[in-house]
$ cat target-v7.cif   # mmCIF, C-alpha atoms
data_query
loop_
_atom_site.label_atom_id
_atom_site.label_comp_id
_atom_site.auth_asym_id
_atom_site.auth_seq_id
_atom_site.Cartn_x
_atom_site.Cartn_y
_atom_site.Cartn_z
CA GLY A 1 22.50 -16.88 1.86
CA TRP A 2 22.89 -17.52 5.54
CA GLN A 3 21.50 -20.81 6.79
CA ARG A 4 19.22 -21.33 9.75
CA PRO A 5 20.80 -21.39 13.25
CA VAL A 6 23.11 -24.38 13.69
CA PRO A 7 22.04 -27.03 16.23
CA CYS A 8 23.46 -26.59 19.71
CA PRO A 9 26.10 -29.14 20.77
CA PRO A 10 24.51 -32.18 22.47
CA ALA A 11 26.65 -31.69 25.54
CA LEU A 12 25.25 -28.20 26.12
CA GLY A 13 21.60 -28.38 25.10
CA SER A 14 19.62 -25.71 23.30
CA SER A 15 18.26 -24.01 26.42
CA ARG A 16 21.72 -23.40 27.83
CA CYS A 17 22.90 -21.95 24.53
CA TRP A 18 20.07 -19.43 24.65
CA LEU A 19 21.06 -18.61 28.22
CA TRP A 20 24.57 -17.87 27.07
CA GLY A 21 23.06 -15.66 24.39
CA TRP A 22 24.99 -16.64 21.26
CA CYS A 23 22.97 -17.07 18.09
CA CYS A 24 25.08 -18.43 15.22
CA TRP A 25 24.63 -18.82 11.48
CA TRP A 26 27.04 -20.53 9.17
CA LYS A 27 27.96 -20.23 5.52
CA PRO A 28 29.51 -23.29 3.88
CA HIS A 29 33.27 -23.15 3.29
CA HIS A 30 33.61 -19.69 4.81
CA TYR A 31 33.08 -18.88 8.48
CA PHE A 32 30.67 -18.67 11.38
CA HIS A 33 28.62 -15.53 11.96
CA CYS A 34 27.58 -15.15 15.59
CA VAL A 35 25.40 -12.47 17.12
CA TYR A 36 25.09 -11.99 20.85
CA SER A 37 21.36 -11.99 21.49
CA TYR A 38 20.80 -12.54 25.20
CA GLU A 39 17.26 -13.64 25.85
CA PRO A 40 15.86 -10.69 27.88
CA LYS A 41 16.80 -8.23 25.12
CA HIS A 42 14.04 -9.55 22.88
CA PHE A 43 11.20 -8.62 25.22
CA PRO A 44 11.72 -4.82 25.27
CA SER A 45 12.07 -4.88 21.48
CA GLY A 46 8.90 -6.91 21.00
CA GLY A 47 7.06 -4.88 23.61
CA ASN A 48 7.88 -1.64 21.78
CA LEU A 49 7.31 -2.92 18.25
CA GLY A 50 3.95 -4.50 19.03
CA PRO A 51 2.01 -1.35 20.04
CA GLN A 52 3.70 0.69 17.29
CA ALA A 53 2.75 -1.89 14.67
CA LEU A 54 -0.85 -2.21 15.85
CA SER A 55 -1.43 1.55 16.08
CA GLY A 56 0.10 2.23 12.66
CA LEU A 57 -1.74 -0.68 11.04
CA SER A 58 -5.13 0.24 12.51
CA LEU A 59 -4.91 3.96 11.68
CA ASN A 60 -3.69 3.42 8.13
CA THR A 61 -6.23 0.64 7.52
CA LEU A 62 -8.99 3.04 8.55
CA THR A 63 -7.55 5.61 6.16
CA ILE A 64 -7.59 3.10 3.30
CA PHE A 65 -11.21 2.08 4.07
CA SER A 66 -12.27 5.72 4.19
CA PHE A 67 -10.90 6.23 0.67
CA CYS A 68 -12.75 3.17 -0.57
CA LYS A 69 -16.10 4.15 0.98
CA THR A 70 -16.10 7.95 0.64
CA PRO A 71 -16.54 9.26 -2.93
CA GLU A 72 -15.46 12.78 -1.91
CA LEU A 73 -11.95 11.47 -1.19
CA ARG A 74 -11.45 9.99 -4.64
CA THR A 75 -9.40 12.86 -5.99
CA PRO A 76 -5.89 12.93 -7.50
CA CYS A 77 -4.38 14.66 -4.45
CA HIS A 78 -5.89 12.14 -2.05
CA LEU A 79 -4.61 9.30 -4.23
CA LEU A 80 -1.09 10.24 -3.11
CA VAL A 81 -2.22 10.03 0.54
CA LEU A 82 -3.73 6.61 -0.20
CA SER A 83 -0.36 5.46 -1.58
CA LEU A 84 1.33 6.62 1.62
CA ALA A 85 -1.24 4.80 3.76
CA LEU A 86 -0.66 1.57 1.82
CA ALA A 87 3.11 1.89 2.28
CA ASP A 88 2.80 2.65 5.99
CA SER A 89 0.44 -0.32 6.45
CA GLY A 90 3.18 -2.49 4.94
CA ILE A 91 5.74 -1.07 7.38
CA SER A 92 3.43 -1.77 10.31
CA LEU A 93 2.79 -5.32 9.09
CA ASN A 94 6.55 -5.84 8.80
CA ALA A 95 6.97 -4.54 12.36
CA LEU A 96 4.23 -6.86 13.61
CA ILE A 97 6.11 -9.88 12.23
CA ALA A 98 9.31 -8.62 13.88
CA ALA A 99 7.48 -8.14 17.19
CA THR A 100 6.14 -11.70 17.04
CA SER A 101 9.63 -13.06 16.37
CA SER A 102 11.05 -11.01 19.25
CA LEU A 103 8.50 -12.52 21.63
CA LEU A 104 9.39 -15.98 20.30
CA ARG A 105 13.10 -15.10 20.87
CA ARG A 106 14.03 -16.47 17.44
CA TRP A 107 13.36 -16.06 13.71
CA PRO A 108 10.97 -18.94 12.85
CA TYR A 109 10.68 -18.47 9.06
CA GLY A 110 14.10 -19.58 7.82
CA SER A 111 16.51 -18.02 5.36
CA ASP A 112 13.95 -17.56 2.57
CA GLY A 113 11.56 -15.93 5.01
CA CYS A 114 14.34 -13.56 6.06
CA GLN A 115 14.90 -12.49 2.45
CA ALA A 116 11.15 -11.99 1.92
CA HIS A 117 10.82 -10.04 5.17
CA GLY A 118 13.73 -7.77 4.31
CA PHE A 119 12.44 -7.19 0.77
CA GLN A 120 8.90 -6.37 1.90
CA GLY A 121 10.12 -4.01 4.62
CA PHE A 122 12.52 -2.25 2.25
CA VAL A 123 9.87 -1.80 -0.48
CA THR A 124 7.33 -0.27 1.89
CA ALA A 125 9.92 1.93 3.62
CA LEU A 126 11.15 3.40 0.33
CA ALA A 127 7.55 3.81 -0.90
CA SER A 128 6.65 5.65 2.31
CA ILE A 129 9.58 8.07 1.95
CA CYS A 130 8.91 8.74 -1.73
CA SER A 131 5.14 9.04 -1.21
CA SER A 132 5.74 11.75 1.38
CA ALA A 133 7.81 13.64 -1.18
CA ALA A 134 5.10 13.13 -3.82
CA ILE A 135 2.47 14.55 -1.44
CA ALA A 136 4.69 17.57 -0.79
CA TRP A 137 5.05 18.21 -4.53
CA GLY A 138 1.31 17.67 -5.07
CA ARG A 139 0.44 20.18 -2.37
CA TYR A 140 2.85 22.72 -3.82
CA HIS A 141 1.26 22.23 -7.24
CA HIS A 142 -2.24 22.61 -5.79
CA TYR A 143 -1.71 25.61 -3.53
CA CYS A 144 0.93 27.58 -5.45
CA THR A 145 -0.10 27.07 -9.07
CA ARG A 146 -3.83 27.16 -8.29
CA SER A 147 -4.46 24.32 -10.73
CA GLN A 148 -5.88 20.93 -9.88
CA LEU A 149 -3.57 17.94 -10.05
CA ALA A 150 -4.63 15.79 -13.01
CA TRP A 151 -5.47 12.12 -12.62
CA ASN A 152 -2.80 11.17 -15.16
CA SER A 153 -0.13 12.99 -13.16
CA ALA A 154 -1.23 11.46 -9.85
CA ILE A 155 -1.41 7.91 -11.23
CA SER A 156 1.98 8.34 -12.90
CA LEU A 157 3.49 9.53 -9.61
CA VAL A 158 2.08 6.58 -7.67
CA LEU A 159 3.28 4.08 -10.27
CA PHE A 160 6.73 5.65 -10.33
CA VAL A 161 6.97 5.55 -6.51
CA TRP A 162 6.09 1.86 -6.25
CA LEU A 163 8.05 0.69 -9.30
CA SER A 164 11.13 2.61 -8.17
CA SER A 165 10.83 1.24 -4.62
CA THR A 166 10.44 -2.31 -5.92
CA PHE A 167 13.47 -1.88 -8.19
CA TRP A 168 15.76 -0.68 -5.40
CA ALA A 169 14.50 -3.31 -2.96
CA ALA A 170 15.07 -6.09 -5.50
CA LEU A 171 18.73 -5.19 -6.06
CA PRO A 172 19.96 -6.89 -2.82
CA LEU A 173 18.22 -10.07 -3.98
CA LEU A 174 20.18 -9.83 -7.24
CA GLY A 175 23.57 -9.36 -5.57
CA TRP A 176 23.97 -5.59 -5.08
CA GLY A 177 23.58 -5.30 -1.33
CA HIS A 178 22.31 -8.09 0.91
CA TYR A 179 19.48 -8.80 3.36
CA ASP A 180 20.41 -10.39 6.65
CA TYR A 181 19.31 -10.73 10.27
CA GLU A 182 19.33 -7.68 12.50
CA PRO A 183 21.62 -7.74 15.58
CA LEU A 184 19.12 -9.54 17.83
CA GLY A 185 18.45 -12.16 15.14
CA THR A 186 14.64 -11.78 15.23
CA CYS A 187 13.98 -9.76 12.05
CA CYS A 188 15.70 -8.97 8.76
CA THR A 189 16.88 -5.82 7.04
CA LEU A 190 19.59 -4.51 4.74
CA ASP A 191 22.87 -5.99 5.96
CA TYR A 192 25.41 -3.47 7.26
CA SER A 193 27.56 -5.71 9.51
CA LYS A 194 30.56 -6.19 7.18
CA GLY A 195 33.09 -5.14 9.81
CA ASP A 196 31.60 -7.62 12.25
CA ARG A 197 32.07 -10.54 9.88
CA ALA A 198 35.63 -9.56 9.01
CA THR A 199 36.52 -9.32 12.71
CA LEU A 200 34.93 -12.65 13.57
CA HIS A 201 36.58 -14.37 10.63
CA SER A 202 40.08 -13.15 11.29
CA SER A 203 39.93 -14.25 14.91
CA ALA A 204 38.04 -17.53 14.52
CA LEU A 205 39.64 -19.38 11.61
CA PRO A 206 43.14 -20.64 10.84
CA MET A 207 45.57 -18.40 8.99
CA VAL A 208 45.35 -20.47 5.80
CA PHE A 209 41.82 -19.19 5.19
CA ASN A 210 42.37 -15.57 6.24
CA HIS A 211 43.67 -14.28 2.90
CA GLU A 212 40.74 -15.70 0.89
CA ALA A 213 38.15 -14.50 3.40
CA SER A 214 39.72 -11.03 3.63
CA ALA A 215 39.42 -10.65 -0.14
CA LEU A 216 35.79 -11.73 0.10
CA ASP A 217 35.13 -9.23 2.89
CA ASP A 218 36.69 -6.45 0.82
CA ARG A 219 34.38 -7.23 -2.11
CA LEU A 220 31.34 -7.36 0.20
CA SER A 221 32.32 -4.06 1.79
CA ARG A 222 32.71 -2.31 -1.59
CA ASN A 223 29.41 -3.82 -2.72
CA PHE A 224 27.63 -2.52 0.39
CA THR A 225 29.23 0.93 0.20
CA SER A 226 28.37 1.53 -3.45
CA PHE A 227 24.79 0.35 -2.96
CA LEU A 228 24.34 2.37 0.22
CA PHE A 229 25.44 5.72 -1.21
CA THR A 230 23.56 5.29 -4.49
CA MET A 231 20.36 4.14 -2.80
CA SER A 232 20.54 6.82 -0.09
CA PHE A 233 20.95 9.61 -2.63
CA PHE A 234 17.95 8.64 -4.77
CA ASN A 235 15.65 7.38 -1.98
CA PHE A 236 16.45 9.59 1.01
CA ALA A 237 18.39 12.72 0.06
CA MET A 238 16.31 13.57 -3.02
CA PRO A 239 12.88 12.96 -1.39
CA LEU A 240 13.98 14.97 1.64
CA PHE A 241 15.14 17.83 -0.62
CA ILE A 242 11.84 17.79 -2.55
CA THR A 243 9.83 17.79 0.68
CA ILE A 244 11.76 20.65 2.29
CA THR A 245 11.79 22.73 -0.91
CA SER A 246 8.08 22.26 -1.65
CA TYR A 247 6.90 23.22 1.83
CA SER A 248 9.38 26.10 2.04
CA LEU A 249 8.05 27.58 -1.21
CA MET A 250 4.50 27.11 0.01
CA GLU A 251 5.26 28.90 3.27
CA GLN A 252 6.96 31.77 1.46
CA LYS A 253 4.04 32.26 -0.91
CA LEU A 254 1.06 31.57 1.33
CA GLY A 255 2.37 32.01 4.85
CA LYS A 256 1.87 35.79 4.99
CA SER A 257 -1.61 35.69 3.45
CA GLY A 258 -2.88 33.20 6.01
CA HIS A 259 -4.27 30.80 3.38
CA LEU A 260 -1.86 28.01 4.28
CA GLN A 261 -3.98 25.05 5.41
CA VAL A 262 -1.34 22.34 5.88
CA ASN A 263 1.49 21.74 8.32
CA THR A 264 4.68 22.69 6.49
CA THR A 265 7.20 21.54 9.12
CA LEU A 266 6.01 18.15 10.38
CA PRO A 267 6.45 16.13 7.12
CA ALA A 268 10.11 17.12 6.69
CA ARG A 269 10.82 16.57 10.38
CA THR A 270 9.19 13.14 10.21
CA LEU A 271 11.40 12.14 7.28
CA LEU A 272 14.55 13.51 8.90
CA LEU A 273 13.99 12.25 12.44
CA GLY A 274 12.23 9.00 11.47
CA TRP A 275 14.65 7.74 8.84
CA GLY A 276 17.74 9.83 9.64
CA PRO A 277 18.96 7.47 12.42
CA TYR A 278 19.03 4.62 9.91
CA ALA A 279 21.09 6.78 7.54
CA ILE A 280 23.51 7.64 10.35
CA LEU A 281 23.88 3.97 11.34
CA TYR A 282 24.59 2.91 7.75
CA LEU A 283 27.10 5.73 7.32
CA TYR A 284 28.85 4.72 10.54
CA ALA A 285 28.99 1.11 9.28
CA VAL A 286 30.85 2.34 6.19
CA ILE A 287 33.53 4.35 8.00
CA ALA A 288 33.94 2.37 11.25
CA ASP A 289 33.42 -1.01 12.90
CA VAL A 290 29.72 -1.29 13.68
CA THR A 291 30.41 -3.96 16.34
CA SER A 292 31.51 -1.16 18.65
CA ILE A 293 27.80 -0.29 18.95
CA SER A 294 25.79 -2.55 21.24
CA PRO A 295 22.97 -4.65 19.69
CA LYS A 296 20.40 -2.74 21.74
CA LEU A 297 21.63 0.59 20.40
CA GLN A 298 21.66 -0.75 16.84
CA MET A 299 17.93 -1.52 17.20
CA VAL A 300 17.06 2.09 18.12
CA PRO A 301 16.81 3.30 14.47
CA ALA A 302 14.42 0.46 13.67
CA LEU A 303 12.21 1.31 16.66
CA ILE A 304 12.16 4.98 15.67
CA ALA A 305 11.35 4.21 12.03
CA LYS A 306 8.40 2.01 13.05
CA MET A 307 6.79 5.09 14.64
CA VAL A 308 6.60 6.86 11.25
CA PRO A 309 3.35 5.14 10.07
CA THR A 310 1.48 6.36 13.15
CA ILE A 311 2.82 9.90 12.80
CA ASN A 312 1.97 9.97 9.08
CA ALA A 313 -1.57 8.76 9.77
CA ILE A 314 -2.08 11.48 12.37
CA ASN A 315 -0.65 14.18 10.10
CA TYR A 316 -2.12 13.26 6.71
CA ALA A 317 -5.36 11.50 7.73
CA LEU A 318 -6.54 12.67 11.15
CA GLY A 319 -5.15 16.14 10.43
CA ASN A 320 -7.26 16.43 7.27
CA GLU A 321 -10.88 17.34 7.91
CA MET A 322 -12.20 15.54 4.83
CA VAL A 323 -10.24 12.34 5.49
CA CYS A 324 -11.21 12.44 9.15
CA ARG A 325 -14.85 12.74 8.11
CA GLY A 326 -14.42 9.74 5.83
CA ILE A 327 -12.92 7.70 8.69
CA TRP A 328 -15.86 8.65 10.88
CA GLN A 329 -18.28 7.52 8.16
CA CYS A 330 -16.53 4.15 8.08
CA LEU A 331 -16.87 3.79 11.85
CA SER A 332 -20.41 5.17 12.05
CA PRO A 333 -23.33 2.79 11.41
CA GLN A 334 -25.35 5.63 9.87
CA LYS A 335 -25.74 5.65 6.12
CA SER A 336 -24.55 8.46 3.90
CA GLU A 337 -26.97 10.98 2.38
CA LYS A 338 -26.84 9.26 -1.01
CA ASP A 339 -27.70 5.91 0.55
CA ARG A 340 -30.62 7.41 2.47
CA ALA A 341 -31.88 9.11 -0.70
CA LYS A 342 -31.83 5.80 -2.56
#

$ encode --input "target-v7.cif" --output "structure tokens"
Amino acid sequence: GWQRPVPCPPALGSSRCWLWGWCCWWKPHHYFHCVYSYEPKHFPSGGNLGPQALSGLSLNTLTIFSFCKTPELRTPCHLLVLSLALADSGISLNALIAATSSLLRRWPYGSDGCQAHGFQGFVTALASICSSAAIAWGRYHHYCTRSQLAWNSAISLVLFVWLSSTFWAALPLLGWGHYDYEPLGTCCTLDYSKGDRATLHSSALPMVFNHEASALDDRLSRNFTSFLFTMSFFNFAMPLFITITSYSLMEQKLGKSGHLQVNTTLPARTLLLGWGPYAILYLYAVIADVTSISPKLQMVPALIAKMVPTINAINYALGNEMVCRGIWQCLSPQKSEKDRAK
């Protein structure tokens, strides 16, 4: 994996290197990997990520506490919402770490911390996407078949979502795909900068090493492309299809009768608009040189995706009367009726 930033030359000093804005990592026997991360760029990123992380973490934590303290919410359908809240809390926690690093203007946790940060963020992101699809299917089953979702089915869905997400997030640690620093060098995600490394290598090293490094870059590019398309199909395209299809069937069956009690458009739009920019960026990295996009613009998909936990909490928790009542019971010092009766 990539090592920690190399020490600045003694003649320049570390502060002047940060002023110039070049943050470099090195890999033994291969080449330097430098990312232009001028100091002021970190503050807007950290300033945006911080409030998003805190709002998503607080709302989803309240949702989790409401499930733990309100017996009425302990149903199979609400178990799927609890799974989504857990995943979104993980996304917000990941964003909070990234916001802290942005304010520090560096990644302080080393190469192993980068791999752990990328893995945790990828697991929770995939679990959030798949949990949204599971909720859509559960609502279709509840409203259109008029039969209650069984506990066995709900638990099996939750286990499948988290085991599948963990499996796909572990593959980059095993060699299919790779976690690396994002363009500003203050957080970690799935690496998509293959064109950047090839360009830097071909221009920075002597010709004797170019042939070997070009072959390596070709293998890395094929590795990234195969992982990207396979992962995107099973963890973005399929959940999006299930979500759109489930809510469309619900609207066709219950929309005219007026018995539809859930928002059928917001979940699919949240998936498409929240995670779609990431999909577009990865697709662009496959077909073109991603270095043509500025580091600030490359961070836009991450900032958009970190808004998803807050939107999900508003839609699935605050938009549900029973869950909202459970949150109020957690915040209220008054005891429940059962406690007063005891």

$ resolve_selection --input "target-v7.cif" --expression "the PyMOL selection byres ((chain A and resi 149) around 12)" --output "VMD selection string"
chain A and resid 75 to 80 134 to 135 137 to 148 150 to 157

$ atom_distance --input "target-v7.cif" --atom1 "CA of Leu73 (chain A)" --atom2 "CA of Gly121 (chain A)"
27.6 Å

$ resolve_selection --input "target-v7.cif" --expression "the PyMOL selection byres ((chain A and resi 176) around 9)" --output "PyMOL selection string"
chain A and resi 170-175+177-178+223-224+226-227

$ closest_residue --input "target-v7.cif" --among "A:Leu59, A:Ile293, A:Ile242, A:Leu104" --to "Leu318 (chain A)" --atoms "only C-alpha atoms"
A:Leu59

$ residues_around --input "target-v7.cif" --residues "Gly274 (chain A)" --least-positions-apart "4" --cutoff "7 Å" --atoms "only C-alpha atoms" --output "ChimeraX atom specification"
/A:270,304-305,308

$ axis_aligned_box --input "target-v7.cif" --around "region 72-76 of chain A" --padding-each-side "5 Å" --output "AutoDock Vina command-line options"
--center_x -10.7 --center_y 11.5 --center_z -4.3 --size_x 19.6 --size_y 12.9 --size_z 16.3

$ closest_residue --input "target-v7.cif" --among "A:Ser332, A:Ile327, A:Gly319, A:Arg222" --to "Gln261 (chain A)" --atoms "all atoms listed in the file"
A:Gly319

$ atom_distance --input "target-v7.cif" --atom1 "CA of Ser128 (chain A)" --atom2 "CA of Arg106 (chain A)"
27.8 Å

$ residues_near_point --input "target-v7.cif" --point "(-13.8, 4.2, 2.3)" --cutoff "12 Å" --atoms "all atoms listed in the file" --output "ChimeraX atom specification"
/A:60-74,82,322-332,336

$ closest_residue --input "target-v7.cif" --among "A:Gly50, A:Leu273, A:Cys130, A:Tyr316" --to "Ser164 (chain A)" --atoms "all atoms listed in the file"
A:Cys130

$ resolve_selection --input "target-v7.cif" --expression "the PyMOL selection byres ((chain A and resi 122) around 8)" --output "JSON, numbers by chain"
{"A": [118, 119, 120, 121, 123, 124, 125, 126, 165, 169, 189, 190]}

$ write_last_selection --input "target-v7.cif" --atoms "C-alpha atoms" --output "tab-separated table (two decimals), in the coordinates of the input"
chain	number	residue	atom	x	y	z
A	118	GLY	CA	13.73	-7.77	4.31
A	119	PHE	CA	12.44	-7.19	0.77
A	120	GLN	CA	8.90	-6.37	1.90
A	121	GLY	CA	10.12	-4.01	4.62
A	123	VAL	CA	9.87	-1.80	-0.48
A	124	THR	CA	7.33	-0.27	1.89
A	125	ALA	CA	9.92	1.93	3.62
A	126	LEU	CA	11.15	3.40	0.33
A	165	SER	CA	10.83	1.24	-4.62
A	169	ALA	CA	14.50	-3.31	-2.96
A	189	THR	CA	16.88	-5.82	7.04
A	190	LEU	CA	19.59	-4.51	4.74

$ closest_residue --input "target-v7.cif" --among "A:Ile314, A:Met307, A:Tyr282, A:Leu184" --to "Leu49 (chain A)" --atoms "all atoms listed in the file"
A:Met307

$ atom_distance --input "target-v7.cif" --atom1 "CA of Tyr192 (chain A)" --atom2 "CA of Ile244 (chain A)"
28.2 Å

$ residues_near_point --input "target-v7.cif" --point "(14.3, 6.1, 3.0)" --cutoff "9 Å" --atoms "all atoms listed in the file" --output "VMD selection string"
chain A and resid 122 125 to 130 231 to 232 234 to 237 239 to 240 271 275 to 276 278 to 279

$ write_last_selection --input "target-v7.cif" --atoms "C-alpha atoms" --output "JSON list (two decimals), in the frame of the given file"
[["chain", "number", "residue", "atom", "x", "y", "z"],
["A", 122, "PHE", "CA", 12.52, -2.25, 2.25],
["A", 125, "ALA", "CA", 9.92, 1.93, 3.62],
["A", 126, "LEU", "CA", 11.15, 3.40, 0.33],
["A", 127, "ALA", "CA", 7.55, 3.81, -0.90],
["A", 128, "SER", "CA", 6.65, 5.65, 2.31],
["A", 129, "ILE", "CA", 9.58, 8.07, 1.95],
["A", 130, "CYS", "CA", 8.91, 8.74, -1.73],
["A", 231, "MET", "CA", 20.36, 4.14, -2.80],
["A", 232, "SER", "CA", 20.54, 6.82, -0.09],
["A", 234, "PHE", "CA", 17.95, 8.64, -4.77],
["A", 235, "ASN", "CA", 15.65, 7.38, -1.98],
["A", 236, "PHE", "CA", 16.45, 9.59, 1.01],
["A", 237, "ALA", "CA", 18.39, 12.72, 0.06],
["A", 239, "PRO", "CA", 12.88, 12.96, -1.39],
["A", 240, "LEU", "CA", 13.98, 14.97, 1.64],
["A", 271, "LEU", "CA", 11.40, 12.14, 7.28],
["A", 275, "TRP", "CA", 14.65, 7.74, 8.84],
["A", 276, "GLY", "CA", 17.74, 9.83, 9.64],
["A", 278, "TYR", "CA", 19.03, 4.62, 9.91],
["A", 279, "ALA", "CA", 21.09, 6.78, 7.54]]

$ residues_around --input "target-v7.cif" --residues "Leu54 (chain A)" --least-positions-apart "2" --cutoff "9 Å" --atoms "all atoms listed in the file" --output "list of chain:residue names"
A:Leu49, A:Gly50, A:Pro51, A:Gln52, A:Gly56, A:Leu57, A:Ser58, A:Leu59, A:Ser92, A:Leu93, A:Ala95, A:Leu96

$ closest_residue --input "target-v7.cif" --among "A:Leu283, A:Ala288, A:Val161, A:Ala302" --to "Cys187 (chain A)" --atoms "only C-alpha atoms"
A:Ala302

$ residues_around --input "target-v7.cif" --residues "region 285-287 of chain A" --least-positions-apart "2" --cutoff "9 Å" --atoms "only C-alpha atoms" --output "list in words"
Tyr192, Ser193, Lys194, Gly195, Ser221, Phe224, Thr225, Leu228, Ile280, Leu281, Tyr282, Leu283, Asp289, Val290 and Thr291 of chain A

$ decode --input "target-v7.cif" --residues "region 132-199 of chain A" --atoms "C-alpha atoms" --output "PDB file, in the first residue's frame"
ATOM      1  CA  SER A 132     -33.131   1.292   1.122  1.00  0.00           C
ATOM      2  CA  ALA A 133     -33.949  -1.354  -1.479  1.00  0.00           C
ATOM      3  CA  ALA A 134     -34.915  -3.824   1.271  1.00  0.00           C
ATOM      4  CA  ILE A 135     -37.285  -1.250   2.795  1.00  0.00           C
ATOM      5  CA  ALA A 136     -38.862  -0.672  -0.622  1.00  0.00           C
ATOM      6  CA  TRP A 137     -39.445  -4.408  -1.074  1.00  0.00           C
ATOM      7  CA  GLY A 138     -40.765  -4.720   2.491  1.00  0.00           C
ATOM      8  CA  ARG A 139     -43.251  -1.913   1.943  1.00  0.00           C
ATOM      9  CA  TYR A 140     -44.409  -3.445  -1.318  1.00  0.00           C
ATOM     10  CA  HIS A 141     -44.910  -6.769   0.462  1.00  0.00           C
ATOM     11  CA  HIS A 142     -46.830  -5.092   3.293  1.00  0.00           C
ATOM     12  CA  TYR A 143     -49.101  -2.799   1.294  1.00  0.00           C
ATOM     13  CA  CYS A 144     -49.677  -4.831  -1.869  1.00  0.00           C
ATOM     14  CA  THR A 145     -49.908  -8.396  -0.560  1.00  0.00           C
ATOM     15  CA  ARG A 146     -51.713  -7.373   2.637  1.00  0.00           C
ATOM     16  CA  SER A 147     -49.639  -9.842   4.652  1.00  0.00           C
ATOM     17  CA  GLN A 148     -47.289  -8.978   7.475  1.00  0.00           C
ATOM     18  CA  LEU A 149     -43.574  -9.372   6.867  1.00  0.00           C
ATOM     19  CA  ALA A 150     -42.337 -12.303   8.957  1.00  0.00           C
ATOM     20  CA  TRP A 151     -39.484 -11.957  11.421  1.00  0.00           C
ATOM     21  CA  ASN A 152     -37.518 -14.681   9.646  1.00  0.00           C
ATOM     22  CA  SER A 153     -37.747 -12.811   6.344  1.00  0.00           C
ATOM     23  CA  ALA A 154     -36.759  -9.473   7.893  1.00  0.00           C
ATOM     24  CA  ILE A 155     -33.787 -10.924   9.799  1.00  0.00           C
ATOM     25  CA  SER A 156     -32.644 -12.800   6.689  1.00  0.00           C
ATOM     26  CA  LEU A 157     -32.812  -9.582   4.652  1.00  0.00           C
ATOM     27  CA  VAL A 158     -30.782  -7.634   7.203  1.00  0.00           C
ATOM     28  CA  LEU A 159     -28.151 -10.362   7.462  1.00  0.00           C
ATOM     29  CA  PHE A 160     -27.905 -10.602   3.684  1.00  0.00           C
ATOM     30  CA  VAL A 161     -27.505  -6.815   3.349  1.00  0.00           C
ATOM     31  CA  TRP A 162     -24.664  -6.588   5.860  1.00  0.00           C
ATOM     32  CA  LEU A 163     -22.862  -9.778   4.834  1.00  0.00           C
ATOM     33  CA  SER A 164     -23.035  -8.803   1.164  1.00  0.00           C
ATOM     34  CA  SER A 165     -21.789  -5.277   1.921  1.00  0.00           C
ATOM     35  CA  THR A 166     -18.913  -6.635   4.011  1.00  0.00           C
ATOM     36  CA  PHE A 167     -17.980  -9.087   1.244  1.00  0.00           C
ATOM     37  CA  TRP A 168     -17.807  -6.422  -1.460  1.00  0.00           C
ATOM     38  CA  ALA A 169     -15.966  -3.962   0.792  1.00  0.00           C
ATOM     39  CA  ALA A 170     -13.383  -6.607   1.725  1.00  0.00           C
ATOM     40  CA  LEU A 171     -12.472  -7.377  -1.897  1.00  0.00           C
ATOM     41  CA  PRO A 172     -10.227  -4.261  -2.308  1.00  0.00           C
ATOM     42  CA  LEU A 173      -8.309  -5.382   0.785  1.00  0.00           C
ATOM     43  CA  LEU A 174      -7.767  -8.757  -0.907  1.00  0.00           C
ATOM     44  CA  GLY A 175      -6.488  -7.296  -4.184  1.00  0.00           C
ATOM     45  CA  TRP A 176      -9.582  -6.740  -6.354  1.00  0.00           C
ATOM     46  CA  GLY A 177      -9.830  -2.972  -6.313  1.00  0.00           C
ATOM     47  CA  HIS A 178      -7.865  -0.716  -3.971  1.00  0.00           C
ATOM     48  CA  TYR A 179      -8.454   1.883  -1.252  1.00  0.00           C
ATOM     49  CA  ASP A 180      -6.443   5.068  -1.460  1.00  0.00           C
ATOM     50  CA  TYR A 181      -6.477   8.745  -0.499  1.00  0.00           C
ATOM     51  CA  GLU A 182      -9.035  11.044  -2.071  1.00  0.00           C
ATOM     52  CA  PRO A 183      -7.741  13.971  -4.189  1.00  0.00           C
ATOM     53  CA  LEU A 184      -7.220  16.327  -1.236  1.00  0.00           C
ATOM     54  CA  GLY A 185      -5.377  13.629   0.723  1.00  0.00           C
ATOM     55  CA  THR A 186      -7.512  13.969   3.875  1.00  0.00           C
ATOM     56  CA  CYS A 187      -9.768  10.887   3.644  1.00  0.00           C
ATOM     57  CA  CYS A 188      -9.812   7.515   1.903  1.00  0.00           C
ATOM     58  CA  THR A 189     -12.119   5.799  -0.553  1.00  0.00           C
ATOM     59  CA  LEU A 190     -12.104   3.359  -3.462  1.00  0.00           C
ATOM     60  CA  ASP A 191      -9.183   4.329  -5.688  1.00  0.00           C
ATOM     61  CA  TYR A 192     -10.125   5.526  -9.176  1.00  0.00           C
ATOM     62  CA  SER A 193      -7.021   7.579 -10.103  1.00  0.00           C
ATOM     63  CA  LYS A 194      -5.310   5.058 -12.402  1.00  0.00           C
ATOM     64  CA  GLY A 195      -4.892   7.536 -15.239  1.00  0.00           C
ATOM     65  CA  ASP A 196      -3.295  10.015 -12.868  1.00  0.00           C
ATOM     66  CA  ARG A 197      -0.627   7.542 -11.779  1.00  0.00           C
ATOM     67  CA  ALA A 198       0.154   6.473 -15.333  1.00  0.00           C
ATOM     68  CA  THR A 199       0.555  10.112 -16.403  1.00  0.00           C
TER      69      THR A 199
END
